[in-house]
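Reading through the structure tokens given below for one structure.
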Amino acid sequence: MGPTRWDELTTGAFNDWARRDGVAVLTLAAIEQHGPHLPVSTDRVIGEGIVEAASRAAASDVPLLLLPTLAVGTSPEHQAYAGTLTLDPATLETTLFDIGASVARAGLRRLVIVNSHGGNRAVVDVAA
């Protein structure tokens, strides 16, 4: 059985996830330039691919609940390039705390953040 997607559940289904001691997984990426040959979604595509493959390979007794990808991270070093979307590090930190609080309110005790962009690392370290 593959992973379940957070945004495909009904409100009532979260009680079952709390009883199952599920693990919420958040993919954190960036929308930024990767040269003239790759789309600005490269970090998102890589992160989602890693999470999808890892979740399918995970032990079947570990129920995984995949949150919607947080595609926009902090990329101030790429602001000069058209197409870059970036958040201030403090905004990203607050967003991660708020998502964590929402996951906890839904009854899940564990949240794994899978980061596919180096620029997010310091913020993820603080939020963890």
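Convention: chains lettered A, B, ... in structure tokens order; per-chain residue numbering from 1; ligands numbered from 1 as shown.
The residue set within 7 Å of Asp43 (chain A), counting only C-alpha atoms and dropping same-chain residues fewer than 6 places from it, reads Ala29, Ala30, Ile31, Ser116 and His117 of chain A.
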Apply DSSP to the structure's backbone, then extract all residues of chain A labelled helix (DSSP H, G or I) and return them as a PDB file with N, CA and C atoms, in the first residue's frame.
ATOM      1  N   TRP A   6      -2.477  13.942   2.456  1.00  0.00           N
ATOM      2  CA  TRP A   6      -3.190  14.751   3.445  1.00  0.00           C
ATOM      3  C   TRP A   6      -4.408  15.428   2.833  1.00  0.00           C
ATOM      4  N   ASP A   7      -4.223  16.071   1.694  1.00  0.00           N
ATOM      5  CA  ASP A   7      -5.291  16.882   1.107  1.00  0.00           C
ATOM      6  C   ASP A   7      -6.376  16.063   0.411  1.00  0.00           C
ATOM      7  N   GLU A   8      -6.260  14.740   0.446  1.00  0.00           N
ATOM      8  CA  GLU A   8      -7.302  13.882  -0.113  1.00  0.00           C
ATOM      9  C   GLU A   8      -8.176  13.261   0.976  1.00  0.00           C
ATOM     10  N   ALA A  13     -11.412  11.576   8.781  1.00  0.00           N
ATOM     11  CA  ALA A  13     -10.376  10.557   8.599  1.00  0.00           C
ATOM     12  C   ALA A  13      -9.140  10.808   9.457  1.00  0.00           C
ATOM     13  N   PHE A  14      -8.958  12.026   9.936  1.00  0.00           N
ATOM     14  CA  PHE A  14      -7.757  12.324  10.723  1.00  0.00           C
ATOM     15  C   PHE A  14      -7.765  11.624  12.082  1.00  0.00           C
ATOM     16  N   ASN A  15      -8.949  11.340  12.628  1.00  0.00           N
ATOM     17  CA  ASN A  15      -9.006  10.589  13.888  1.00  0.00           C
ATOM     18  C   ASN A  15      -8.369   9.222  13.723  1.00  0.00           C
ATOM     19  N   ASP A  16      -8.611   8.588  12.599  1.00  0.00           N
ATOM     20  CA  ASP A  16      -8.001   7.288  12.326  1.00  0.00           C
ATOM     21  C   ASP A  16      -6.487   7.409  12.239  1.00  0.00           C
ATOM     22  N   TRP A  17      -6.006   8.477  11.628  1.00  0.00           N
ATOM     23  CA  TRP A  17      -4.555   8.666  11.507  1.00  0.00           C
ATOM     24  C   TRP A  17      -3.915   8.870  12.867  1.00  0.00           C
ATOM     25  N   ALA A  18      -4.591   9.570  13.761  1.00  0.00           N
ATOM     26  CA  ALA A  18      -4.054   9.765  15.107  1.00  0.00           C
ATOM     27  C   ALA A  18      -3.961   8.420  15.838  1.00  0.00           C
ATOM     28  N   ARG A  19      -4.976   7.569  15.686  1.00  0.00           N
ATOM     29  CA  ARG A  19      -4.960   6.246  16.333  1.00  0.00           C
ATOM     30  C   ARG A  19      -3.881   5.341  15.744  1.00  0.00           C
ATOM     31  N   THR A  42      12.481  22.689 -10.527  1.00  0.00           N
ATOM     32  CA  THR A  42      13.403  21.551 -10.398  1.00  0.00           C
ATOM     33  C   THR A  42      13.506  21.029  -8.963  1.00  0.00           C
ATOM     34  N   ASP A  43      13.684  21.905  -7.981  1.00  0.00           N
ATOM     35  CA  ASP A  43      13.798  21.455  -6.584  1.00  0.00           C
ATOM     36  C   ASP A  43      12.520  20.763  -6.116  1.00  0.00           C
ATOM     37  N   ARG A  44      11.369  21.297  -6.523  1.00  0.00           N
ATOM     38  CA  ARG A  44      10.095  20.688  -6.138  1.00  0.00           C
ATOM     39  C   ARG A  44       9.953  19.290  -6.733  1.00  0.00           C
ATOM     40  N   VAL A  45      10.256  19.171  -8.020  1.00  0.00           N
ATOM     41  CA  VAL A  45      10.138  17.876  -8.700  1.00  0.00           C
ATOM     42  C   VAL A  45      11.067  16.841  -8.059  1.00  0.00           C
ATOM     43  N   ILE A  46      12.296  17.238  -7.771  1.00  0.00           N
ATOM     44  CA  ILE A  46      13.254  16.324  -7.131  1.00  0.00           C
ATOM     45  C   ILE A  46      12.759  15.913  -5.742  1.00  0.00           C
ATOM     46  N   GLY A  47      12.344  16.877  -4.942  1.00  0.00           N
ATOM     47  CA  GLY A  47      11.868  16.577  -3.590  1.00  0.00           C
ATOM     48  C   GLY A  47      10.668  15.652  -3.587  1.00  0.00           C
ATOM     49  N   GLU A  48       9.698  15.940  -4.450  1.00  0.00           N
ATOM     50  CA  GLU A  48       8.512  15.087  -4.514  1.00  0.00           C
ATOM     51  C   GLU A  48       8.867  13.679  -4.989  1.00  0.00           C
ATOM     52  N   GLY A  49       9.797  13.579  -5.912  1.00  0.00           N
ATOM     53  CA  GLY A  49      10.224  12.263  -6.388  1.00  0.00           C
ATOM     54  C   GLY A  49      10.893  11.447  -5.296  1.00  0.00           C
ATOM     55  N   ILE A  50      11.743  12.101  -4.516  1.00  0.00           N
ATOM     56  CA  ILE A  50      12.417  11.414  -3.406  1.00  0.00           C
ATOM     57  C   ILE A  50      11.399  10.941  -2.373  1.00  0.00           C
ATOM     58  N   VAL A  51      10.468  11.821  -2.007  1.00  0.00           N
ATOM     59  CA  VAL A  51       9.468  11.459  -1.001  1.00  0.00           C
ATOM     60  C   VAL A  51       8.573  10.331  -1.506  1.00  0.00           C
ATOM     61  N   GLU A  52       8.165  10.414  -2.744  1.00  0.00           N
ATOM     62  CA  GLU A  52       7.308   9.363  -3.310  1.00  0.00           C
ATOM     63  C   GLU A  52       8.029   8.012  -3.295  1.00  0.00           C
ATOM     64  N   ALA A  53       9.272   7.983  -3.761  1.00  0.00           N
ATOM     65  CA  ALA A  53      10.030   6.727  -3.797  1.00  0.00           C
ATOM     66  C   ALA A  53      10.293   6.196  -2.388  1.00  0.00           C
ATOM     67  N   ALA A  54      10.685   7.073  -1.482  1.00  0.00           N
ATOM     68  CA  ALA A  54      10.974   6.639  -0.110  1.00  0.00           C
ATOM     69  C   ALA A  54       9.716   6.146   0.590  1.00  0.00           C
ATOM     70  N   SER A  55       8.596   6.806   0.350  1.00  0.00           N
ATOM     71  CA  SER A  55       7.363   6.396   1.022  1.00  0.00           C
ATOM     72  C   SER A  55       6.879   5.045   0.514  1.00  0.00           C
ATOM     73  N   ARG A  56       7.112   4.755  -0.733  1.00  0.00           N
ATOM     74  CA  ARG A  56       6.730   3.438  -1.272  1.00  0.00           C
ATOM     75  C   ARG A  56       7.666   2.337  -0.756  1.00  0.00           C
ATOM     76  N   ALA A  57       8.903   2.696  -0.456  1.00  0.00           N
ATOM     77  CA  ALA A  57       9.872   1.715   0.041  1.00  0.00           C
ATOM     78  C   ALA A  57       9.812   1.541   1.557  1.00  0.00           C
ATOM     79  N   PRO A  76      16.862  33.949  -1.492  1.00  0.00           N
ATOM     80  CA  PRO A  76      17.234  35.331  -1.791  1.00  0.00           C
ATOM     81  C   PRO A  76      18.424  35.440  -2.737  1.00  0.00           C
ATOM     82  N   GLU A  77      19.271  34.408  -2.759  1.00  0.00           N
ATOM     83  CA  GLU A  77      20.445  34.440  -3.633  1.00  0.00           C
ATOM     84  C   GLU A  77      20.075  34.340  -5.109  1.00  0.00           C
ATOM     85  N   HIS A  78      18.821  34.003  -5.399  1.00  0.00           N
ATOM     86  CA  HIS A  78      18.384  33.848  -6.790  1.00  0.00           C
ATOM     87  C   HIS A  78      17.392  34.930  -7.223  1.00  0.00           C
ATOM     88  N   PRO A  89      13.474  34.323   5.387  1.00  0.00           N
ATOM     89  CA  PRO A  89      13.700  33.192   6.299  1.00  0.00           C
ATOM     90  C   PRO A  89      12.759  33.182   7.509  1.00  0.00           C
ATOM     91  N   ALA A  90      12.473  34.343   8.078  1.00  0.00           N
ATOM     92  CA  ALA A  90      11.571  34.392   9.232  1.00  0.00           C
ATOM     93  C   ALA A  90      10.156  33.961   8.848  1.00  0.00           C
ATOM     94  N   THR A  91       9.731  34.311   7.647  1.00  0.00           N
ATOM     95  CA  THR A  91       8.413  33.894   7.168  1.00  0.00           C
ATOM     96  C   THR A  91       8.361  32.384   6.996  1.00  0.00           C
ATOM     97  N   LEU A  92       9.408  31.816   6.422  1.00  0.00           N
ATOM     98  CA  LEU A  92       9.455  30.365   6.251  1.00  0.00           C
ATOM     99  C   LEU A  92       9.478  29.669   7.607  1.00  0.00           C
ATOM    100  N   GLU A  93      10.247  30.191   8.541  1.00  0.00           N
ATOM    101  CA  GLU A  93      10.303  29.596   9.880  1.00  0.00           C
ATOM    102  C   GLU A  93       8.918  29.583  10.522  1.00  0.00           C
ATOM    103  N   THR A  94       8.222  30.718  10.460  1.00  0.00           N
ATOM    104  CA  THR A  94       6.872  30.807  11.015  1.00  0.00           C
ATOM    105  C   THR A  94       5.931  29.843  10.310  1.00  0.00           C
ATOM    106  N   THR A  95       6.063  29.751   8.996  1.00  0.00           N
ATOM    107  CA  THR A  95       5.220  28.835   8.221  1.00  0.00           C
ATOM    108  C   THR A  95       5.446  27.395   8.659  1.00  0.00           C
ATOM    109  N   LEU A  96       6.694  26.998   8.839  1.00  0.00           N
ATOM    110  CA  LEU A  96       6.990  25.630   9.274  1.00  0.00           C
ATOM    111  C   LEU A  96       6.442  25.359  10.677  1.00  0.00           C
ATOM    112  N   PHE A  97       6.578  26.332  11.589  1.00  0.00           N
ATOM    113  CA  PHE A  97       6.012  26.176  12.932  1.00  0.00           C
ATOM    114  C   PHE A  97       4.495  26.020  12.850  1.00  0.00           C
ATOM    115  N   ASP A  98       3.857  26.853  12.021  1.00  0.00           N
ATOM    116  CA  ASP A  98       2.399  26.805  11.894  1.00  0.00           C
ATOM    117  C   ASP A  98       1.928  25.483  11.286  1.00  0.00           C
ATOM    118  N   ILE A  99       2.648  24.984  10.293  1.00  0.00           N
ATOM    119  CA  ILE A  99       2.293  23.682   9.715  1.00  0.00           C
ATOM    120  C   ILE A  99       2.454  22.591  10.768  1.00  0.00           C
ATOM    121  N   GLY A 100       3.543  22.650  11.520  1.00  0.00           N
ATOM    122  CA  GLY A 100       3.743  21.671  12.593  1.00  0.00           C
ATOM    123  C   GLY A 100       2.621  21.706  13.618  1.00  0.00           C
ATOM    124  N   ALA A 101       2.184  22.903  13.986  1.00  0.00           N
ATOM    125  CA  ALA A 101       1.080  23.031  14.941  1.00  0.00           C
ATOM    126  C   ALA A 101      -0.212  22.470  14.356  1.00  0.00           C
ATOM    127  N   SER A 102      -0.433  22.680  13.077  1.00  0.00           N
ATOM    128  CA  SER A 102      -1.626  22.145  12.417  1.00  0.00           C
ATOM    129  C   SER A 102      -1.600  20.622  12.389  1.00  0.00           C
ATOM    130  N   VAL A 103      -0.432  20.062  12.117  1.00  0.00           N
ATOM    131  CA  VAL A 103      -0.277  18.604  12.118  1.00  0.00           C
ATOM    132  C   VAL A 103      -0.585  18.060  13.518  1.00  0.00           C
ATOM    133  N   ALA A 104      -0.078  18.727  14.542  1.00  0.00           N
ATOM    134  CA  ALA A 104      -0.326  18.291  15.920  1.00  0.00           C
ATOM    135  C   ALA A 104      -1.812  18.389  16.268  1.00  0.00           C
ATOM    136  N   ARG A 105      -2.475  19.467  15.842  1.00  0.00           N
ATOM    137  CA  ARG A 105      -3.909  19.608  16.113  1.00  0.00           C
ATOM    138  C   ARG A 105      -4.722  18.506  15.433  1.00  0.00           C
ATOM    139  N   GLY A 118      19.084  23.634  -0.706  1.00  0.00           N
ATOM    140  CA  GLY A 118      20.103  24.003   0.271  1.00  0.00           C
ATOM    141  C   GLY A 118      19.826  25.299   1.002  1.00  0.00           C
ATOM    142  N   GLY A 119      19.189  26.248   0.344  1.00  0.00           N
ATOM    143  CA  GLY A 119      18.910  27.537   0.964  1.00  0.00           C
ATOM    144  C   GLY A 119      17.935  27.465   2.127  1.00  0.00           C
ATOM    145  N   ASN A 120      17.190  26.375   2.232  1.00  0.00           N
ATOM    146  CA  ASN A 120      16.227  26.210   3.326  1.00  0.00           C
ATOM    147  C   ASN A 120      16.846  25.579   4.573  1.00  0.00           C
ATOM    148  N   ARG A 121      18.052  25.085   4.454  1.00  0.00           N
ATOM    149  CA  ARG A 121      18.629  24.246   5.508  1.00  0.00           C
ATOM    150  C   ARG A 121      18.681  24.932   6.874  1.00  0.00           C
ATOM    151  N   ALA A 122      19.172  26.142   6.934  1.00  0.00           N
ATOM    152  CA  ALA A 122      19.301  26.825   8.228  1.00  0.00           C
ATOM    153  C   ALA A 122      17.938  27.024   8.880  1.00  0.00           C
ATOM    154  N   VAL A 123      16.937  27.358   8.084  1.00  0.00           N
ATOM    155  CA  VAL A 123      15.593  27.563   8.629  1.00  0.00           C
ATOM    156  C   VAL A 123      15.022  26.242   9.139  1.00  0.00           C
ATOM    157  N   VAL A 124      15.214  25.176   8.395  1.00  0.00           N
ATOM    158  CA  VAL A 124      14.732  23.858   8.828  1.00  0.00           C
ATOM    159  C   VAL A 124      15.431  23.451  10.120  1.00  0.00           C
ATOM    160  N   ASP A 125      16.720  23.718  10.238  1.00  0.00           N
ATOM    161  CA  ASP A 125      17.457  23.394  11.463  1.00  0.00           C
ATOM    162  C   ASP A 125      16.854  24.114  12.666  1.00  0.00           C
ATOM    163  N   VAL A 126      16.481  25.373  12.490  1.00  0.00           N
ATOM    164  CA  VAL A 126      15.879  26.140  13.583  1.00  0.00           C
ATOM    165  C   VAL A 126      14.490  25.596  13.899  1.00  0.00           C
ATOM    166  N   ALA A 127      13.708  25.322  12.875  1.00  0.00           N
ATOM    167  CA  ALA A 127      12.334  24.851  13.073  1.00  0.00           C
ATOM    168  C   ALA A 127      12.285  23.468  13.706  1.00  0.00           C
TER     169      ALA A 127
END
Could you write out, as a PDB file with C-alpha atoms, in the first residue's frame, all the residues of chain A that DSSP marks as strand (DSSP E or B)?
ATOM      1  CA  THR A   4      -1.883   8.636   1.706  1.00  0.00           C
ATOM      2  CA  ARG A   5      -2.132  12.299   0.750  1.00  0.00           C
ATOM      3  CA  VAL A  23       3.891  10.049  10.357  1.00  0.00           C
ATOM      4  CA  ALA A  24       3.244  13.271   8.461  1.00  0.00           C
ATOM      5  CA  VAL A  25       5.791  14.069   5.730  1.00  0.00           C
ATOM      6  CA  LEU A  26       6.303  17.574   4.343  1.00  0.00           C
ATOM      7  CA  THR A  27       8.321  18.149   1.185  1.00  0.00           C
ATOM      8  CA  LEU A  28       9.998  21.572   1.284  1.00  0.00           C
ATOM      9  CA  ILE A  31      11.058  27.831  -7.018  1.00  0.00           C
ATOM     10  CA  LEU A  64       2.840   7.833   6.024  1.00  0.00           C
ATOM     11  CA  LEU A  65       0.660  10.843   5.366  1.00  0.00           C
ATOM     12  CA  LEU A  66       2.092  13.159   2.694  1.00  0.00           C
ATOM     13  CA  LEU A  70       5.625  23.638   0.337  1.00  0.00           C
ATOM     14  CA  LEU A  85       9.790  32.992  -5.768  1.00  0.00           C
ATOM     15  CA  ARG A 110       5.458  13.100  14.194  1.00  0.00           C
ATOM     16  CA  LEU A 111       6.382  15.344  11.273  1.00  0.00           C
ATOM     17  CA  VAL A 112       9.289  14.680   8.925  1.00  0.00           C
ATOM     18  CA  ILE A 113      10.488  17.564   6.744  1.00  0.00           C
ATOM     19  CA  VAL A 114      12.237  16.516   3.540  1.00  0.00           C
ATOM     20  CA  ASN A 115      14.143  19.510   2.194  1.00  0.00           C
TER      21      ASN A 115
END
A:Gly12, A:Ala128, A:Thr84, A:Leu67 ranked by distance to His34 (chain A), top pick (using only C-alpha atoms)
A:Thr84
